[in-house]
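Asker: Quick one, final_3.cif (mmCIF, C-alpha atoms):
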data_protein
#
loop_
_atom_site.label_atom_id
_atom_site.label_comp_id
_atom_site.auth_asym_id
_atom_site.auth_seq_id
_atom_site.Cartn_x
_atom_site.Cartn_y
_atom_site.Cartn_z
CA MET A 1 36.93 -59.98 -8.59
CA PRO A 2 34.20 -60.07 -11.30
CA PRO A 3 30.78 -58.61 -10.44
CA VAL A 4 27.96 -60.84 -9.17
CA SER A 5 26.06 -60.82 -12.48
CA GLU A 6 29.18 -61.90 -14.41
CA ARG A 7 29.93 -64.72 -11.90
CA ALA A 8 26.30 -65.86 -12.18
CA TRP A 9 26.55 -65.91 -15.98
CA TRP A 10 29.74 -68.00 -15.95
CA ARG A 11 28.22 -70.33 -13.36
CA THR A 12 25.19 -70.89 -15.63
CA LEU A 13 27.47 -71.58 -18.59
CA GLY A 14 29.37 -74.04 -16.40
CA HIS A 15 26.16 -75.86 -15.53
CA LEU A 16 25.20 -76.07 -19.21
CA GLY A 17 28.68 -77.36 -20.05
CA LEU A 18 28.48 -80.05 -17.35
CA LEU A 19 25.04 -81.09 -18.59
CA LEU A 20 26.28 -81.44 -22.18
CA ALA A 21 29.42 -83.27 -21.02
CA ALA A 22 27.33 -85.71 -18.94
CA GLY A 23 25.08 -86.42 -21.95
CA LEU A 24 28.13 -86.97 -24.15
CA ALA A 25 29.68 -89.35 -21.58
CA VAL A 26 26.50 -91.37 -21.18
CA GLY A 27 26.10 -91.59 -24.97
CA ALA A 28 29.73 -92.68 -25.40
CA ALA A 29 29.25 -95.40 -22.78
CA ALA A 30 26.21 -96.63 -24.76
CA GLY A 31 28.07 -96.43 -28.05
CA GLU A 32 26.07 -93.38 -29.26
CA PRO A 33 28.01 -90.24 -28.25
CA TRP A 34 26.12 -87.88 -30.60
CA ALA A 35 22.77 -89.16 -29.44
CA GLY A 36 23.84 -88.59 -25.82
CA LEU A 37 25.00 -85.05 -26.69
CA ALA A 38 21.64 -84.34 -28.39
CA ILE A 39 19.76 -85.57 -25.31
CA GLY A 40 21.93 -83.35 -23.07
CA ALA A 41 21.31 -80.33 -25.31
CA THR A 42 17.56 -80.98 -25.37
CA THR A 43 17.56 -81.24 -21.59
CA ALA A 44 19.46 -77.94 -21.32
CA LEU A 45 16.98 -76.21 -23.66
CA ALA A 46 14.04 -77.62 -21.68
CA TRP A 47 15.59 -76.30 -18.45
CA GLN A 48 16.11 -72.82 -19.97
CA ALA A 49 12.53 -72.79 -21.37
CA TRP A 50 11.13 -73.83 -17.95
CA ASN A 51 13.04 -71.01 -16.20
CA LEU A 52 11.89 -68.49 -18.84
CA ARG A 53 8.25 -69.57 -18.46
CA ARG A 54 8.57 -69.37 -14.67
CA LEU A 55 9.95 -65.82 -14.90
CA LEU A 56 7.22 -64.68 -17.31
CA LEU A 57 4.49 -66.09 -15.07
CA ARG A 58 5.93 -64.30 -12.04
CA LEU A 59 6.12 -61.01 -13.94
CA ARG A 60 2.56 -61.36 -15.23
CA SER A 61 1.17 -62.14 -11.78
CA GLN A 62 2.15 -58.62 -10.52
CA ARG A 63 3.07 -60.23 -7.21
CA ARG A 64 6.10 -59.30 -5.15
CA LEU A 65 9.11 -61.19 -6.46
CA VAL A 66 11.37 -63.21 -4.16
CA ALA A 67 14.87 -63.99 -5.34
CA GLY A 68 15.90 -67.63 -5.39
CA ASP A 69 18.84 -69.12 -3.52
CA ALA A 70 20.55 -70.49 -6.60
CA GLY A 71 23.61 -68.78 -7.91
CA GLY A 72 22.93 -68.92 -11.66
CA ALA A 73 21.89 -66.25 -14.17
CA TRP A 74 18.17 -66.91 -13.62
CA ALA A 75 18.53 -66.35 -9.87
CA GLU A 76 20.47 -63.17 -10.62
CA ALA A 77 17.62 -62.05 -12.95
CA ASP A 78 15.19 -62.68 -10.08
CA ARG A 79 17.31 -60.55 -7.75
CA LEU A 80 17.56 -57.69 -10.28
CA LEU A 81 13.83 -57.75 -10.95
CA GLN A 82 13.11 -57.83 -7.23
CA ARG A 83 15.35 -54.78 -6.74
CA ARG A 84 13.68 -52.92 -9.63
CA GLN A 85 10.25 -53.84 -8.32
CA ALA A 86 11.08 -52.60 -4.82
CA SER A 87 12.44 -49.32 -6.24
CA ALA A 88 9.31 -48.86 -8.37
CA ARG A 89 7.09 -49.52 -5.34
CA ARG A 90 8.97 -46.92 -3.29
CA ARG A 91 8.74 -44.38 -6.12
CA LYS A 92 5.03 -45.08 -6.54
CA ARG A 93 4.49 -44.67 -2.80
CA ARG A 94 6.26 -41.30 -2.87
CA LEU A 95 4.19 -40.17 -5.84
CA VAL A 96 0.96 -41.23 -4.13
CA ASP A 97 1.97 -39.35 -0.97
CA MET A 98 2.79 -36.24 -3.01
CA LEU A 99 -0.51 -36.49 -4.88
CA ARG A 100 -2.39 -36.78 -1.63
CA ALA A 101 -0.52 -33.77 -0.21
CA TYR A 102 -1.25 -31.66 -3.31
CA ARG A 103 -4.90 -32.67 -3.30
CA ALA A 104 -5.19 -31.90 0.41
CA ALA A 105 -3.60 -28.48 -0.18
CA ALA A 106 -5.96 -27.77 -3.08
CA THR A 107 -8.91 -28.89 -0.98
CA VAL A 108 -8.31 -26.34 1.79
CA LEU A 109 -7.68 -23.40 -0.58
CA PRO A 110 -10.34 -20.66 -0.28
CA ASP A 111 -10.46 -20.36 -4.08
CA ALA A 112 -12.57 -22.74 -6.14
CA ILE A 113 -10.33 -24.89 -8.36
CA ILE A 114 -11.85 -26.90 -11.20
CA VAL A 115 -9.86 -29.15 -13.55
CA VAL A 116 -11.52 -29.07 -16.98
CA ASP A 117 -10.84 -31.28 -19.99
CA ARG A 118 -9.81 -28.98 -22.83
CA LEU A 119 -11.43 -30.94 -25.67
CA THR A 120 -14.73 -31.94 -24.09
CA GLN A 121 -14.93 -29.03 -21.59
CA ARG A 122 -16.10 -31.48 -18.93
CA ILE A 123 -15.23 -31.34 -15.25
CA VAL A 124 -12.43 -33.72 -14.21
CA TRP A 125 -12.02 -32.68 -10.55
CA PHE A 126 -12.84 -29.81 -8.19
CA ASN A 127 -12.05 -28.91 -4.58
CA GLU A 128 -14.41 -28.16 -1.69
CA ALA A 129 -14.51 -24.45 -2.50
CA GLY A 130 -16.06 -25.42 -5.82
CA THR A 131 -19.10 -26.50 -3.81
CA THR A 132 -19.29 -23.45 -1.54
CA LEU A 133 -18.62 -20.84 -4.26
CA LEU A 134 -20.08 -22.44 -7.39
CA GLY A 135 -22.52 -25.06 -6.12
CA LEU A 136 -20.79 -28.12 -7.62
CA ARG A 137 -21.66 -31.51 -6.12
CA TYR A 138 -19.45 -34.59 -5.85
CA PRO A 139 -19.59 -37.07 -7.55
CA THR A 140 -22.58 -36.14 -9.72
CA ASP A 141 -20.86 -33.16 -11.35
CA VAL A 142 -17.64 -34.99 -12.20
CA THR A 143 -17.58 -35.51 -16.02
CA ALA A 144 -20.48 -33.00 -16.38
CA PRO A 145 -20.09 -30.17 -18.96
CA VAL A 146 -18.71 -27.17 -17.07
CA VAL A 147 -20.69 -24.60 -19.12
CA GLU A 148 -23.96 -26.39 -18.53
CA ARG A 149 -23.28 -26.99 -14.85
CA LEU A 150 -22.24 -23.41 -14.06
CA GLN A 151 -25.18 -21.70 -15.72
CA PRO A 152 -26.08 -18.83 -15.81
CA LEU A 153 -22.39 -17.78 -15.85
CA PRO A 154 -21.32 -16.63 -19.37
CA LEU A 155 -18.58 -19.22 -19.83
CA ALA A 156 -19.05 -20.50 -23.39
CA ASN A 157 -17.40 -17.63 -25.27
CA TRP A 158 -14.91 -17.10 -22.45
CA LEU A 159 -13.68 -20.71 -22.56
CA ALA A 160 -13.50 -20.53 -26.36
CA ARG A 161 -10.71 -17.94 -26.03
CA GLY A 162 -8.54 -20.56 -24.29
CA ARG A 163 -5.07 -19.21 -23.47
CA ASN A 164 -6.17 -15.70 -24.49
CA ALA A 165 -9.05 -15.56 -21.98
CA GLU A 166 -8.82 -12.49 -19.75
CA PRO A 167 -9.93 -12.65 -16.07
CA LEU A 168 -13.73 -12.53 -15.90
CA GLU A 169 -15.72 -10.93 -13.08
CA VAL A 170 -19.22 -12.36 -12.67
CA ALA A 171 -21.95 -12.42 -10.04
CA SER A 172 -22.00 -15.53 -7.86
CA PRO A 173 -24.71 -18.05 -8.87
CA LEU A 174 -25.27 -18.92 -5.19
CA GLN A 175 -24.86 -15.75 -3.12
CA PRO A 176 -26.48 -12.48 -4.27
CA GLY A 177 -24.15 -9.52 -3.92
CA THR A 178 -21.03 -11.70 -4.19
CA THR A 179 -18.66 -11.16 -7.11
CA LEU A 180 -16.34 -13.87 -8.39
CA SER A 181 -13.19 -13.39 -10.43
CA LEU A 182 -12.61 -16.29 -12.85
CA ARG A 183 -9.21 -17.13 -14.34
CA LEU A 184 -8.44 -19.81 -16.92
CA LEU A 185 -4.98 -21.36 -16.62
CA PRO A 186 -4.03 -23.91 -19.33
CA TYR A 187 -1.38 -25.98 -17.56
CA SER A 188 -1.16 -28.84 -20.09
CA ASP A 189 -2.24 -29.72 -23.62
CA ASP A 190 -5.30 -31.60 -22.36
CA LEU A 191 -6.36 -29.89 -19.13
CA TRP A 192 -7.34 -26.41 -18.01
CA LEU A 193 -7.45 -25.04 -14.50
CA LEU A 194 -10.45 -22.81 -13.79
CA VAL A 195 -9.90 -20.72 -10.64
CA ALA A 196 -12.77 -18.76 -9.04
CA ARG A 197 -12.03 -16.24 -6.28
CA ASP A 198 -14.42 -14.19 -4.14
CA VAL A 199 -13.38 -10.56 -4.76
CA SER A 200 -16.42 -8.90 -3.16
CA ARG A 201 -14.40 -7.45 -0.28
CA LEU A 202 -11.69 -6.14 -2.60
CA LEU A 203 -14.29 -4.50 -4.85
CA ALA A 204 -16.00 -2.93 -1.83
CA LEU A 205 -12.69 -1.50 -0.60
CA GLU A 206 -11.91 -0.25 -4.09
CA GLN A 207 -15.31 1.44 -4.30
CA MET A 208 -14.73 3.06 -0.89
CA ARG A 209 -11.40 4.38 -2.13
CA ARG A 210 -12.99 5.77 -5.29
CA ASP A 211 -15.79 7.43 -3.31
CA PHE A 212 -13.28 8.94 -0.90
CA VAL A 213 -11.11 10.33 -3.68
CA ALA A 214 -14.15 11.69 -5.55
CA ASN A 215 -15.61 13.33 -2.44
CA VAL A 216 -12.33 14.88 -1.34
CA SER A 217 -11.63 16.13 -4.85
CA HIS A 218 -15.11 17.63 -5.10
CA GLU A 219 -14.78 19.33 -1.72
CA LEU A 220 -11.42 20.84 -2.72
CA ARG A 221 -12.98 22.66 -5.63
CA THR A 222 -14.62 25.37 -3.47
CA PRO A 223 -11.56 26.41 -1.44
CA LEU A 224 -9.42 26.39 -4.59
CA THR A 225 -11.94 28.63 -6.36
CA VAL A 226 -11.84 31.05 -3.42
CA LEU A 227 -8.05 30.97 -3.41
CA HIS A 228 -7.94 31.70 -7.16
CA GLY A 229 -10.30 34.64 -6.63
CA TYR A 230 -8.19 36.27 -3.94
CA LEU A 231 -4.97 35.70 -5.90
CA ASP A 232 -6.48 37.36 -8.95
CA MET A 233 -7.35 40.38 -6.80
CA LEU A 234 -3.74 40.88 -5.81
CA ASP A 235 -1.99 43.36 -8.11
CA PRO A 236 1.78 42.70 -8.20
CA GLN A 237 2.34 46.29 -9.39
CA GLU A 238 1.12 47.66 -6.07
CA GLN A 239 3.55 45.50 -4.10
CA PRO A 240 6.43 44.59 -6.46
CA GLU A 241 8.21 42.62 -3.75
CA TRP A 242 5.20 40.28 -3.61
CA ALA A 243 5.24 39.56 -7.34
CA PRO A 244 7.39 36.35 -7.16
CA ILE A 245 5.33 35.06 -4.20
CA VAL A 246 1.99 35.71 -5.93
CA ALA A 247 3.22 34.12 -9.17
CA GLU A 248 4.36 30.98 -7.32
CA MET A 249 1.06 30.75 -5.43
CA GLN A 250 -0.88 31.06 -8.67
CA ARG A 251 1.27 28.39 -10.32
CA GLN A 252 0.85 25.95 -7.43
CA SER A 253 -2.90 26.59 -7.10
CA GLN A 254 -3.34 25.94 -10.82
CA ARG A 255 -1.41 22.71 -10.46
CA MET A 256 -3.65 21.71 -7.57
CA THR A 257 -6.73 22.56 -9.62
CA GLN A 258 -5.48 20.37 -12.47
CA LEU A 259 -4.84 17.53 -10.02
CA VAL A 260 -8.39 17.81 -8.66
CA GLU A 261 -9.86 17.83 -12.17
CA ASP A 262 -7.83 14.76 -13.14
CA LEU A 263 -8.93 12.92 -9.98
CA LEU A 264 -12.58 13.71 -10.65
CA MET A 265 -12.31 12.56 -14.25
CA LEU A 266 -10.53 9.35 -13.23
CA SER A 267 -13.24 8.66 -10.64
CA ARG A 268 -15.93 9.13 -13.29
CA LEU A 269 -14.14 6.77 -15.67
CA GLU A 270 -13.64 4.08 -13.02
CA SER A 271 -17.30 4.18 -12.03
CA ARG A 272 -18.48 3.47 -15.59
CA ASP A 273 -18.91 0.08 -17.20
CA GLU A 274 -19.68 1.56 -20.62
CA LEU A 275 -19.61 4.85 -22.45
CA PRO A 276 -22.55 7.22 -21.80
CA SER A 277 -22.86 7.95 -25.52
CA GLU A 278 -21.02 7.16 -28.72
CA GLU A 279 -20.65 8.90 -32.05
CA VAL A 280 -18.29 8.98 -34.99
CA VAL A 281 -15.26 11.07 -33.99
CA PRO A 282 -13.74 12.94 -36.98
CA MET A 283 -10.08 12.03 -36.67
CA ALA A 284 -8.90 14.71 -39.10
CA GLY A 285 -10.17 17.39 -36.74
CA MET A 286 -8.86 15.47 -33.73
CA LEU A 287 -5.35 15.29 -35.20
CA ALA A 288 -5.43 19.00 -36.05
CA ALA A 289 -6.48 19.84 -32.47
CA LEU A 290 -3.70 17.65 -31.05
CA ARG A 291 -1.17 19.40 -33.26
CA ARG A 292 -2.30 22.83 -32.03
CA GLU A 293 -2.15 21.74 -28.38
CA ALA A 294 1.34 20.27 -28.84
CA GLN A 295 2.59 23.43 -30.52
CA ALA A 296 1.10 25.64 -27.80
CA LEU A 297 2.71 23.54 -25.07
CA SER A 298 6.03 23.29 -26.90
CA GLN A 299 6.36 27.04 -27.60
CA GLY A 300 8.54 26.27 -30.60
CA ARG A 301 11.02 24.13 -28.66
CA HIS A 302 10.16 20.89 -30.51
CA GLU A 303 9.37 19.65 -33.99
CA ILE A 304 5.70 18.55 -34.08
CA ARG A 305 4.69 16.22 -36.94
CA VAL A 306 1.36 14.55 -37.78
CA GLU A 307 0.89 11.56 -40.13
CA ASP A 308 -2.49 10.20 -41.20
CA SER A 309 -2.16 7.08 -43.36
CA ALA A 310 -5.39 5.47 -42.13
CA GLY A 311 -7.93 7.95 -43.46
CA VAL A 312 -10.68 6.66 -41.14
CA ASP A 313 -12.70 7.85 -38.16
CA ILE A 314 -13.27 6.18 -34.78
CA VAL A 315 -16.56 5.47 -33.01
CA GLY A 316 -16.47 6.57 -29.39
CA SER A 317 -16.89 9.42 -26.96
CA PRO A 318 -15.20 12.59 -28.28
CA PRO A 319 -14.41 14.16 -24.86
CA GLU A 320 -12.90 10.96 -23.43
CA LEU A 321 -10.87 10.20 -26.58
CA HIS A 322 -9.61 13.77 -26.76
CA SER A 323 -8.59 13.62 -23.10
CA ALA A 324 -6.67 10.35 -23.62
CA PHE A 325 -4.87 11.48 -26.78
CA SER A 326 -4.17 14.92 -25.31
CA ASN A 327 -2.55 13.34 -22.24
CA LEU A 328 -0.21 11.29 -24.45
CA VAL A 329 0.74 14.33 -26.52
CA ALA A 330 1.29 16.49 -23.43
CA ASN A 331 3.53 13.84 -21.86
CA ALA A 332 5.56 13.55 -25.08
CA VAL A 333 6.17 17.31 -25.15
CA ARG A 334 6.91 17.60 -21.42
CA TYR A 335 9.43 14.75 -21.33
CA THR A 336 11.27 15.59 -24.57
CA PRO A 337 14.25 17.94 -24.30
CA GLU A 338 14.37 21.08 -26.38
CA GLY A 339 15.25 20.35 -30.00
CA GLY A 340 13.56 16.93 -29.97
CA SER A 341 10.59 15.81 -32.07
CA VAL A 342 7.09 14.47 -31.44
CA LEU A 343 5.24 12.38 -34.03
CA ILE A 344 1.47 11.86 -33.88
CA ALA A 345 0.49 9.08 -36.32
CA LEU A 346 -2.80 7.41 -37.27
CA ARG A 347 -2.13 4.14 -39.10
CA PRO A 348 -4.18 1.09 -40.14
CA GLU A 349 -3.34 -2.30 -38.62
CA PRO A 350 -4.88 -5.78 -38.52
CA ASP A 351 -6.89 -6.56 -35.38
CA PRO A 352 -7.05 -10.00 -33.66
CA ASP A 353 -10.04 -11.02 -35.85
CA GLY A 354 -8.09 -10.45 -39.06
CA ARG A 355 -9.97 -7.29 -40.01
CA THR A 356 -8.44 -3.84 -40.34
CA GLY A 357 -8.31 -1.77 -37.18
CA VAL A 358 -6.45 1.45 -36.50
CA ALA A 359 -3.75 2.66 -34.13
CA LEU A 360 -3.00 6.17 -32.96
CA SER A 361 0.58 6.47 -31.74
CA VAL A 362 2.54 9.27 -30.14
CA ALA A 363 6.31 8.88 -30.50
CA ASP A 364 8.93 11.17 -28.99
CA THR A 365 12.71 11.43 -28.83
CA GLY A 366 12.75 12.13 -25.11
CA TYR A 367 14.44 10.60 -22.10
CA GLY A 368 12.87 7.17 -22.43
CA ILE A 369 11.54 4.88 -19.68
CA PRO A 370 13.57 2.07 -18.06
CA ALA A 371 12.07 -1.37 -18.71
CA ALA A 372 11.58 -2.00 -14.97
CA HIS A 373 9.03 0.84 -14.80
CA LEU A 374 6.90 -0.14 -17.81
CA PRO A 375 4.61 -2.66 -16.03
CA ARG A 376 3.54 0.02 -13.50
CA ILE A 377 3.63 3.12 -15.65
CA THR A 378 -0.20 3.31 -15.98
CA GLU A 379 -0.83 3.16 -12.22
CA ARG A 380 -2.23 6.33 -10.68
CA PHE A 381 0.43 8.63 -9.19
CA TYR A 382 3.23 6.32 -10.34
CA ARG A 383 6.28 8.36 -11.37
CA VAL A 384 9.46 7.21 -13.06
CA SER A 385 11.30 10.31 -11.82
CA ASN A 386 9.77 12.51 -9.13
CA SER A 387 12.07 15.46 -9.78
CA ARG A 388 11.41 15.45 -13.52
CA SER A 389 7.64 15.14 -12.96
CA ARG A 390 7.66 18.15 -10.63
CA GLU A 391 9.61 20.16 -13.19
CA SER A 392 7.18 19.29 -15.99
CA GLY A 393 4.08 19.94 -13.87
CA GLY A 394 2.52 16.49 -14.38
CA THR A 395 -0.05 15.07 -11.95
CA GLY A 396 0.85 11.37 -12.35
CA LEU A 397 -2.72 10.55 -13.46
CA GLY A 398 -2.50 11.04 -17.23
CA LEU A 399 -1.63 7.47 -18.25
CA SER A 400 -4.12 6.05 -15.78
CA ILE A 401 -6.82 8.16 -17.46
CA VAL A 402 -5.63 6.96 -20.88
CA LYS A 403 -5.86 3.31 -19.80
CA HIS A 404 -9.41 3.66 -18.47
CA VAL A 405 -10.60 5.57 -21.55
CA LEU A 406 -9.21 2.88 -23.84
CA ASN A 407 -10.78 0.12 -21.73
CA LEU A 408 -14.18 1.77 -22.19
CA HIS A 409 -13.55 1.74 -25.95
CA GLN A 410 -12.42 -1.94 -25.94
CA ALA A 411 -8.98 -0.72 -27.00
CA ARG A 412 -5.52 -1.31 -25.55
CA LEU A 413 -2.41 0.73 -24.82
CA ASP A 414 1.03 -0.50 -25.88
CA ILE A 415 4.21 1.17 -24.64
CA ALA A 416 7.64 0.81 -26.24
CA SER A 417 10.53 2.76 -24.78
CA GLU A 418 14.30 2.85 -24.72
CA VAL A 419 16.33 4.95 -22.34
CA GLY A 420 17.93 7.82 -24.21
CA ALA A 421 16.06 7.06 -27.46
CA GLY A 422 12.48 8.02 -26.63
CA SER A 423 9.09 6.35 -26.18
CA THR A 424 6.12 5.35 -28.32
CA PHE A 425 2.61 5.11 -26.84
CA SER A 426 0.13 3.36 -29.16
CA CYS A 427 -3.67 3.20 -28.80
CA HIS A 428 -5.00 0.16 -30.70
CA PHE A 429 -8.67 0.09 -31.79
CA THR A 430 -10.41 -2.93 -33.32
CA ALA A 431 -12.24 -2.86 -36.66
CA ALA A 432 -15.56 -2.58 -34.81
CA ARG A 433 -14.55 0.98 -33.83
CA VAL A 434 -13.46 2.03 -37.31
CA ARG A 435 -15.65 3.92 -39.78
CA ALA A 436 -14.87 5.24 -43.25
CA ARG A 437 -14.06 8.92 -43.17
CA GLN A 438 -16.73 11.15 -44.61
CA PRO A 439 -15.60 13.93 -46.95
CA VAL A 440 -15.82 17.41 -45.47
CA GLU A 441 -18.34 19.56 -47.27
CA PRO A 442 -16.97 22.95 -48.35
CA ILE A 443 -18.42 26.02 -46.69
CA ALA A 444 -20.60 27.98 -49.11
#
Could the structure of this file be written out as structure tokens, please?

Answerer:
Amino acid sequence: MPPVSERAWWRTLGHLGLLLAAGLAVGAAAGEPWAGLAIGATTALAWQAWNLRRLLLRLRSQRRLVAGDAGGAWAEADRLLQRRQASARRRKRRLVDMLRAYRAAATVLPDAIIVVDRLTQRIVWFNEAGTTLLGLRYPTDVTAPVVERLQPLPLANWLARGRNAEPLEVASPLQPGTTLSLRLLPYSDDLWLLVARDVSRLLALEQMRRDFVANVSHELRTPLTVLHGYLDMLDPQEQPEWAPIVAEMQRQSQRMTQLVEDLLMLSRLESRDELPSEEVVPMAGMLAALRREAQALSQGRHEIRVEDSAGVDIVGSPPELHSAFSNLVANAVRYTPEGGSVLIALRPEPDPDGRTGVALSVADTGYGIPAAHLPRITERFYRVSNSRSRESGGTGLGLSIVKHVLNLHQARLDIASEVGAGSTFSCHFTAARVRARQPVEPIA
């Protein structure tokens, strides 16, 4: 049995054929068969044109279509259009319900959410938290420039970075003592999502943690000093059987002292927003000092190489930079088996602004780090292998110190590692931190 649409088409052709046959019969009866056929054809065309005009008018009216009772092709077209229209209405209703659900969910979020037009940087929409956290008002602030409306927040340069914009922590324009964390999320070619979150409580808890660690570390200094003093007074020659015990106590107390010193330094770094002082750091002397430290720690068990193809110096804090670089070199020596090599290299490289920056890298041929550990490797006390860290004497704070020192110098740390092939830790400095190296004057 043919489908309904095909039966309707043949039925319409049958009607047209009957109309033409009737015209031909009437014309033949009048002695003018061709004239009768022409009249029948004209009538058929007029009927088709009337049905087409009727369909176009119904489509243009945007009203709900009702299928006719006739069985021809035009009635079938009405039924198909009615079905398509009903399906489109159901789909539109579902989309509207979903949009309302998403908007309701965004409205009750505690974070301020602002939809911003990428080209004009004007506000398209914001939720209720945008009013409580940022002071936006509906509907007056819709289509308003977001930079102008959220003054005095420093948003102009931040928005200009677009997809490269890092999270920004700023003071709340409404509530003194409240800190907001702003994130820019480009979720389409035309729109950005600006998310503002109140992080005051998190910052307060973080500050409490820092204060606790700093205070405990400071208080541990005195008992450790006393312990060192008494251990130094013990002469292993007087009691030879105590020699291994005293040596182990000294080794563990020194490790504890190093841990306390690292905790205090990390606390100082975390409490700073900028460097206390800056000067030009002679990198030739820095590289020579790093070589000596690596050789002393290696005790001839590794090949230590230094390459300096940049020939420049870095502006920064000498103690902090030395601490960061020294931590990287010490890690490379500790986690490289005997017979391996460590390369300390200073090389030029282009920075994001197109100018020439510099990178100091420390590459080793050690055990390597599994890729799953790389995102967390700079967290304090995070260890890839606890047993290997205990054997090497590390505190688990070195890379965290490196990260904070580089942040204070507007630099970044990149880590590339392959298990069994070694690791490369690179400190990247922008051109703003680079200075031409001054020649060393000979000693008279």

Asker: Using the chain letters and numbers from the file, give me the residues hit by the PyMOL selection byres ((chain A and resi 412-427) around 10), as a ChimeraX atom specification.

Answerer: /A:324-325,328-329,332,335-336,340-346,358-371,374-375,377-378,399,402-411,428-430

Asker: For those residues, write C-alpha atoms to a file as a JSON list (two decimals), in the coordinates of the input.

Answerer:
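Ended up saving to out-v6.json:
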[["chain", "number", "residue", "atom", "x", "y", "z"],
["A", 324, "ALA", "CA", -6.67, 10.35, -23.62],
["A", 325, "PHE", "CA", -4.87, 11.48, -26.78],
["A", 328, "LEU", "CA", -0.21, 11.29, -24.45],
["A", 329, "VAL", "CA", 0.74, 14.33, -26.52],
["A", 332, "ALA", "CA", 5.56, 13.55, -25.08],
["A", 335, "TYR", "CA", 9.43, 14.75, -21.33],
["A", 336, "THR", "CA", 11.27, 15.59, -24.57],
["A", 340, "GLY", "CA", 13.56, 16.93, -29.97],
["A", 341, "SER", "CA", 10.59, 15.81, -32.07],
["A", 342, "VAL", "CA", 7.09, 14.47, -31.44],
["A", 343, "LEU", "CA", 5.24, 12.38, -34.03],
["A", 344, "ILE", "CA", 1.47, 11.86, -33.88],
["A", 345, "ALA", "CA", 0.49, 9.08, -36.32],
["A", 346, "LEU", "CA", -2.80, 7.41, -37.27],
["A", 358, "VAL", "CA", -6.45, 1.45, -36.50],
["A", 359, "ALA", "CA", -3.75, 2.66, -34.13],
["A", 360, "LEU", "CA", -3.00, 6.17, -32.96],
["A", 361, "SER", "CA", 0.58, 6.47, -31.74],
["A", 362, "VAL", "CA", 2.54, 9.27, -30.14],
["A", 363, "ALA", "CA", 6.31, 8.88, -30.50],
["A", 364, "ASP", "CA", 8.93, 11.17, -28.99],
["A", 365, "THR", "CA", 12.71, 11.43, -28.83],
["A", 366, "GLY", "CA", 12.75, 12.13, -25.11],
["A", 367, "TYR", "CA", 14.44, 10.60, -22.10],
["A", 368, "GLY", "CA", 12.87, 7.17, -22.43],
["A", 369, "ILE", "CA", 11.54, 4.88, -19.68],
["A", 370, "PRO", "CA", 13.57, 2.07, -18.06],
["A", 371, "ALA", "CA", 12.07, -1.37, -18.71],
["A", 374, "LEU", "CA", 6.90, -0.14, -17.81],
["A", 375, "PRO", "CA", 4.61, -2.66, -16.03],
["A", 377, "ILE", "CA", 3.63, 3.12, -15.65],
["A", 378, "THR", "CA", -0.20, 3.31, -15.98],
["A", 399, "LEU", "CA", -1.63, 7.47, -18.25],
["A", 402, "VAL", "CA", -5.63, 6.96, -20.88],
["A", 403, "LYS", "CA", -5.86, 3.31, -19.80],
["A", 404, "HIS", "CA", -9.41, 3.66, -18.47],
["A", 405, "VAL", "CA", -10.60, 5.57, -21.55],
["A", 406, "LEU", "CA", -9.21, 2.88, -23.84],
["A", 407, "ASN", "CA", -10.78, 0.12, -21.73],
["A", 408, "LEU", "CA", -14.18, 1.77, -22.19],
["A", 409, "HIS", "CA", -13.55, 1.74, -25.95],
["A", 410, "GLN", "CA", -12.42, -1.94, -25.94],
["A", 411, "ALA", "CA", -8.98, -0.72, -27.00],
["A", 428, "HIS", "CA", -5.00, 0.16, -30.70],
["A", 429, "PHE", "CA", -8.67, 0.09, -31.79],
["A", 430, "THR", "CA", -10.41, -2.93, -33.32]]

Asker: Hey, can you check how far atom CA of Val312 of chain A sits from atom CA of Thr356 of chain A?

Answerer: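 Separating atom CA of Val312 of chain A from atom CA of Thr356 of chain A is a distance of 10.8 Å.
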
Asker: Smallest atom-to-atom distance to Ala38 of chain A: which of A:Ala21, A:Val226, A:Ala288, A:Leu52, using all atoms listed in the file?

Answerer: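 Ranking A:Ala21, A:Val226, A:Ala288, A:Leu52 by distance to Ala38 of chain A, first place goes to A:Ala21.
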
Asker: Name the residues in contact with Pro152 of chain A at a cut-off of 10 Å, using all atoms listed in the file, excluding same-chain residues fewer than 6 positions from it; report them as a list of chain:residue names.

Answerer: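 In the requested format, the answer is A:Val170, A:Ala171, A:Ser172, A:Pro173.
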
Asker: List, as a PyMOL selection string, every residue that the PyMOL selection byres ((chain A and resi 178-193) around 10) selects in the file provided.

Answerer: chain A and resi 111-126+133-134+155+158-159+161-177+194-203

Asker: Would you write out, as number ranges by chain, every residue that the PyMOL selection byres ((chain A and resi 309) around 7) captures in this file?

Answerer: A: 307-308, 310-311, 346-347
